[in-house]
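J.: Here it is, the structure, as structure tokens.
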Amino acid sequence: MSVGHVARAIEESGIPTVTIMVKAFEHRARELRIPRTLIVKHPMGRPLGAAGDAARQHEILDAAFDLAQSATENGTIIEFAAPFRPAPAHT
Amino acid sequence: MENNEPESLETFRTSFSYGTRNDLNFKFFKGLSDDEVASFLRTLLDELGGAYDTGNILPLIEAAYAAQVAGYTPAPDAPPPKHEYSSGPFTPLDIPLTKARVGLLTTSGHFLRDDDPRPFGETAMTQEEAVARISEFMASAPVLSEIPSSTPASELRVRHGGYDIRSAERDPNVTFPMERLREAHADGRIGEIADSYFSFPGATAQGRLRKVLPEWVERLHDQDIDLMLLVPV
């Protein structure tokens with residue numbers, strides 16, 4: 001919930017924000033009208049992906065950057081398509 | 001158990017949320033019904049049986065993920081949330097990303113090894129202590145840690161009584177993507193990175209958080225940021 005208040009305050013002050021949030025908290029993005037949210041289908045505590053999975057972490061970052069550029073109104077929510085995966089070294 | 005009464009399923013499932021079986025990955029059991037937890041455990045064990053031969057744990061991860069989402073998502077008949085808005089602010093990103101200066105703020109509870117925010121005046125509070133004192137965190141004002149964006153990962157520490165930090169300890173980028181932003185900058189995907197990033201443990205008193213936000217926002221403006229990346233945990 002904290003990030004909702006933070007996002008609103010920063011955005012109100014004139015700095016655009018983009019938030020990366022796990023699916024379990026999607027309702028918070030809606031309730032708090034977070035400006036732009038990238039929902040990731042990851043377990044809580046791993047919003048950017050598994051430890052050591054730099055490739056997936058970059059994909060998530062780029063998806064967030066795309067959302068930052070494409071969103072035209074508050075409350076825009078996009079879901080990152082791929083499910084969570086353990087880091088390649090662990091599979 | 002102290003007494004000889006059989007433990008109920010309700011007592012069992014709620015014990016994972018800061019109780020006798022505390023497990024921050026499975027505290028969501030509290031948000032499920034007895035039947036839902038029983039069904040999840042049945043599915044998990046069935047998938048484990050399959051994994052004996054295949055070694056494929058993805059079905060277990062998927063089952064745990066689905067149950068976690070169900071555990072946190074409010075039921076349609078749930079009481080209305082405490083904080084809810086029908087509209088919100090929006091500031092367009094008015095420069096190309098390749099020229100934008102990007103900042104980072106996370107609720108992951110990261111801080112510099114040599115700049116521990118010392119919650120409640122404690123020196124070197126452990127993760128276990130933070131978990132045990134979660135109620136105090138939830139009733140206290142948050143402290144924002146400033147972390148230079150050039151900080152080596154080895155200088156970072158993380159502590160947060162609300163989530164399993166093991167992944168973030170192995171790789172801070174999981175909740176504080178500092179190195180990934182540095183690489184995005186080096187690749188030219190973003191124009192610049194801010195001199196400093198910020199983090200605080202998001203398990204905090206919401207009213208007190210809102211009181212300190214104007215000061216935090218001023219600190220962010222000092223960084224001359226064009227786009228702020230936010231990572232809640």
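Letters A, B, ... go to the chains of the structure tokens in the order shown; residues in each chain start at 1; ligands are counted from 1 in the same order.
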DSSP on the backbone, strand (DSSP E or B) only: what residues of region 133-194 of chain B does that give? Format it as number ranges by chain.

T.: B: 145-148, 156-158, 192-193

J.: Could you list the residues in chain B lying within 6 Å of chain A, using only C-alpha atoms, and format the result as a list in words?

T.: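 Matching residues, ligands excluded from the count: Tyr65, Val69, Tyr72, Glu84, Tyr85, Gly88, Pro89, Phe90, Thr91, Leu93, Tyr163, Ser167, Asp171, Val174, Gly202, Val217, Leu227, Met228, Leu229, Leu230, Val231, Pro232 and Val233 of chain B.
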
J.: Based on the selection just made, write N, CA and C atoms of those residues as a PDB file, in the first residue's frame.

T.:
```pdb
ATOM      1  N   TYR B  65       2.139 -19.761  -6.562  1.00  0.00           N
ATOM      2  CA  TYR B  65       1.851 -18.413  -7.060  1.00  0.00           C
ATOM      3  C   TYR B  65       0.343 -18.168  -7.121  1.00  0.00           C
ATOM      4  N   VAL B  69      -1.775 -15.325  -5.008  1.00  0.00           N
ATOM      5  CA  VAL B  69      -2.625 -14.280  -5.600  1.00  0.00           C
ATOM      6  C   VAL B  69      -4.030 -14.356  -4.987  1.00  0.00           C
ATOM      7  N   TYR B  72      -4.177 -12.933  -1.385  1.00  0.00           N
ATOM      8  CA  TYR B  72      -4.082 -11.474  -1.206  1.00  0.00           C
ATOM      9  C   TYR B  72      -5.222 -10.707  -1.872  1.00  0.00           C
ATOM     10  N   GLU B  84      -8.873   4.384  -0.766  1.00  0.00           N
ATOM     11  CA  GLU B  84      -9.341   4.154  -2.125  1.00  0.00           C
ATOM     12  C   GLU B  84      -9.616   5.494  -2.797  1.00  0.00           C
ATOM     13  N   TYR B  85      -9.192   5.608  -4.049  1.00  0.00           N
ATOM     14  CA  TYR B  85      -9.378   6.858  -4.787  1.00  0.00           C
ATOM     15  C   TYR B  85     -10.107   6.559  -6.090  1.00  0.00           C
ATOM     16  N   GLY B  88      -6.654   9.998  -9.935  1.00  0.00           N
ATOM     17  CA  GLY B  88      -5.296  10.187  -9.429  1.00  0.00           C
ATOM     18  C   GLY B  88      -4.485  11.054 -10.371  1.00  0.00           C
ATOM     19  N   PRO B  89      -3.313  11.487  -9.903  1.00  0.00           N
ATOM     20  CA  PRO B  89      -2.475  12.383 -10.703  1.00  0.00           C
ATOM     21  C   PRO B  89      -1.825  11.666 -11.883  1.00  0.00           C
ATOM     22  N   PHE B  90      -1.486  12.429 -12.884  1.00  0.00           N
ATOM     23  CA  PHE B  90      -0.757  11.879 -14.035  1.00  0.00           C
ATOM     24  C   PHE B  90       0.134  12.961 -14.630  1.00  0.00           C
ATOM     25  N   THR B  91       1.425  12.692 -14.703  1.00  0.00           N
ATOM     26  CA  THR B  91       2.384  13.606 -15.320  1.00  0.00           C
ATOM     27  C   THR B  91       3.000  12.889 -16.515  1.00  0.00           C
ATOM     28  N   LEU B  93       5.485  11.706 -19.431  1.00  0.00           N
ATOM     29  CA  LEU B  93       6.939  11.694 -19.630  1.00  0.00           C
ATOM     30  C   LEU B  93       7.176  12.477 -20.916  1.00  0.00           C
ATOM     31  N   TYR B 163       8.664  -9.520   4.078  1.00  0.00           N
ATOM     32  CA  TYR B 163       8.841 -10.473   2.982  1.00  0.00           C
ATOM     33  C   TYR B 163      10.122 -11.272   3.169  1.00  0.00           C
ATOM     34  N   SER B 167      15.921 -13.973  -1.512  1.00  0.00           N
ATOM     35  CA  SER B 167      16.171 -13.706  -2.927  1.00  0.00           C
ATOM     36  C   SER B 167      16.924 -12.377  -3.087  1.00  0.00           C
ATOM     37  N   ASP B 171      20.645 -11.539  -4.684  1.00  0.00           N
ATOM     38  CA  ASP B 171      20.754 -10.641  -5.837  1.00  0.00           C
ATOM     39  C   ASP B 171      19.885  -9.412  -5.554  1.00  0.00           C
ATOM     40  N   VAL B 174      16.676  -8.071  -7.597  1.00  0.00           N
ATOM     41  CA  VAL B 174      15.345  -8.663  -7.527  1.00  0.00           C
ATOM     42  C   VAL B 174      14.326  -7.658  -6.976  1.00  0.00           C
ATOM     43  N   GLY B 202       8.583  -1.034   3.291  1.00  0.00           N
ATOM     44  CA  GLY B 202       7.214  -0.590   3.037  1.00  0.00           C
ATOM     45  C   GLY B 202       6.218  -0.960   4.125  1.00  0.00           C
ATOM     46  N   VAL B 217       9.658  13.946  -1.333  1.00  0.00           N
ATOM     47  CA  VAL B 217       9.500  14.413  -2.717  1.00  0.00           C
ATOM     48  C   VAL B 217      10.504  15.528  -3.014  1.00  0.00           C
ATOM     49  N   LEU B 227      12.132  10.547 -14.674  1.00  0.00           N
ATOM     50  CA  LEU B 227      11.244   9.385 -14.522  1.00  0.00           C
ATOM     51  C   LEU B 227      11.661   8.616 -13.277  1.00  0.00           C
ATOM     52  N   MET B 228      10.678   8.326 -12.431  1.00  0.00           N
ATOM     53  CA  MET B 228      10.978   7.592 -11.199  1.00  0.00           C
ATOM     54  C   MET B 228      10.439   6.164 -11.328  1.00  0.00           C
ATOM     55  N   LEU B 229      11.342   5.217 -11.177  1.00  0.00           N
ATOM     56  CA  LEU B 229      10.953   3.809 -11.153  1.00  0.00           C
ATOM     57  C   LEU B 229      10.653   3.432  -9.701  1.00  0.00           C
ATOM     58  N   LEU B 230       9.464   2.871  -9.485  1.00  0.00           N
ATOM     59  CA  LEU B 230       9.052   2.481  -8.130  1.00  0.00           C
ATOM     60  C   LEU B 230       8.909   0.963  -8.070  1.00  0.00           C
ATOM     61  N   VAL B 231       9.487   0.372  -7.047  1.00  0.00           N
ATOM     62  CA  VAL B 231       9.385  -1.084  -6.891  1.00  0.00           C
ATOM     63  C   VAL B 231       8.870  -1.398  -5.487  1.00  0.00           C
ATOM     64  N   PRO B 232       7.567  -1.683  -5.367  1.00  0.00           N
ATOM     65  CA  PRO B 232       7.047  -2.137  -4.078  1.00  0.00           C
ATOM     66  C   PRO B 232       7.354  -3.619  -3.884  1.00  0.00           C
ATOM     67  N   VAL B 233       7.429  -4.025  -2.639  1.00  0.00           N
ATOM     68  CA  VAL B 233       7.681  -5.428  -2.344  1.00  0.00           C
ATOM     69  C   VAL B 233       6.624  -5.912  -1.358  1.00  0.00           C
TER      70      VAL B 233
END
```

J.: Any idea what the distance is between CA of Val158 (chain B) and CA of Gly31 (chain B)?

T.: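 Answer for the CA of Val158 (chain B) to CA of Gly31 (chain B) separation: 26.5 Å.
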
J.: Quick check, in Å to one decimal: how far apart do CA of Ala75 (chain B) and CA of Ser8 (chain B) lie?

T.: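 Computing it gives 22.9 Å between the two atoms.
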
J.: Record the distance separating CA of Ser86 (chain B) and CA of Ile77 (chain A), expressed in Å with one decimal.

T.: 15.0 Å

J.: List the spatial neighbours of region 144-146 of chain B as a count of residues only - criterion: any atom at most 9 Å away, only C-alpha atoms, same-chain residues fewer than 3 positions off excluded.

T.: 14

J.: Taking only region 37-175 of chain B into account, list the residues labelled helix (DSSP H, G or I) by DSSP (computed from the backbone), as a ChimeraX atom specification.

T.: /B:37-54,58-72,97-99,119-121,127-132,134-138,153-155,166-170,172-174

J.: Excluding region 37-40 of chain B and its own-chain neighbours fewer than 6 positions away, which residues fall within 8 Å of it when counting only C-alpha atoms? Please give them as a ChimeraX atom specification.

T.: /B:13,29,63-64,67

J.: Need the shell around Thr14 (chain B): protein/DNA/RNA residues with any atom at most 9 Å away, counting only C-alpha atoms. Skip same-chain ones fewer than 2 positions apart. Format as a ChimeraX atom specification?

T.: /B:9-12,16-19,21-22,27-31
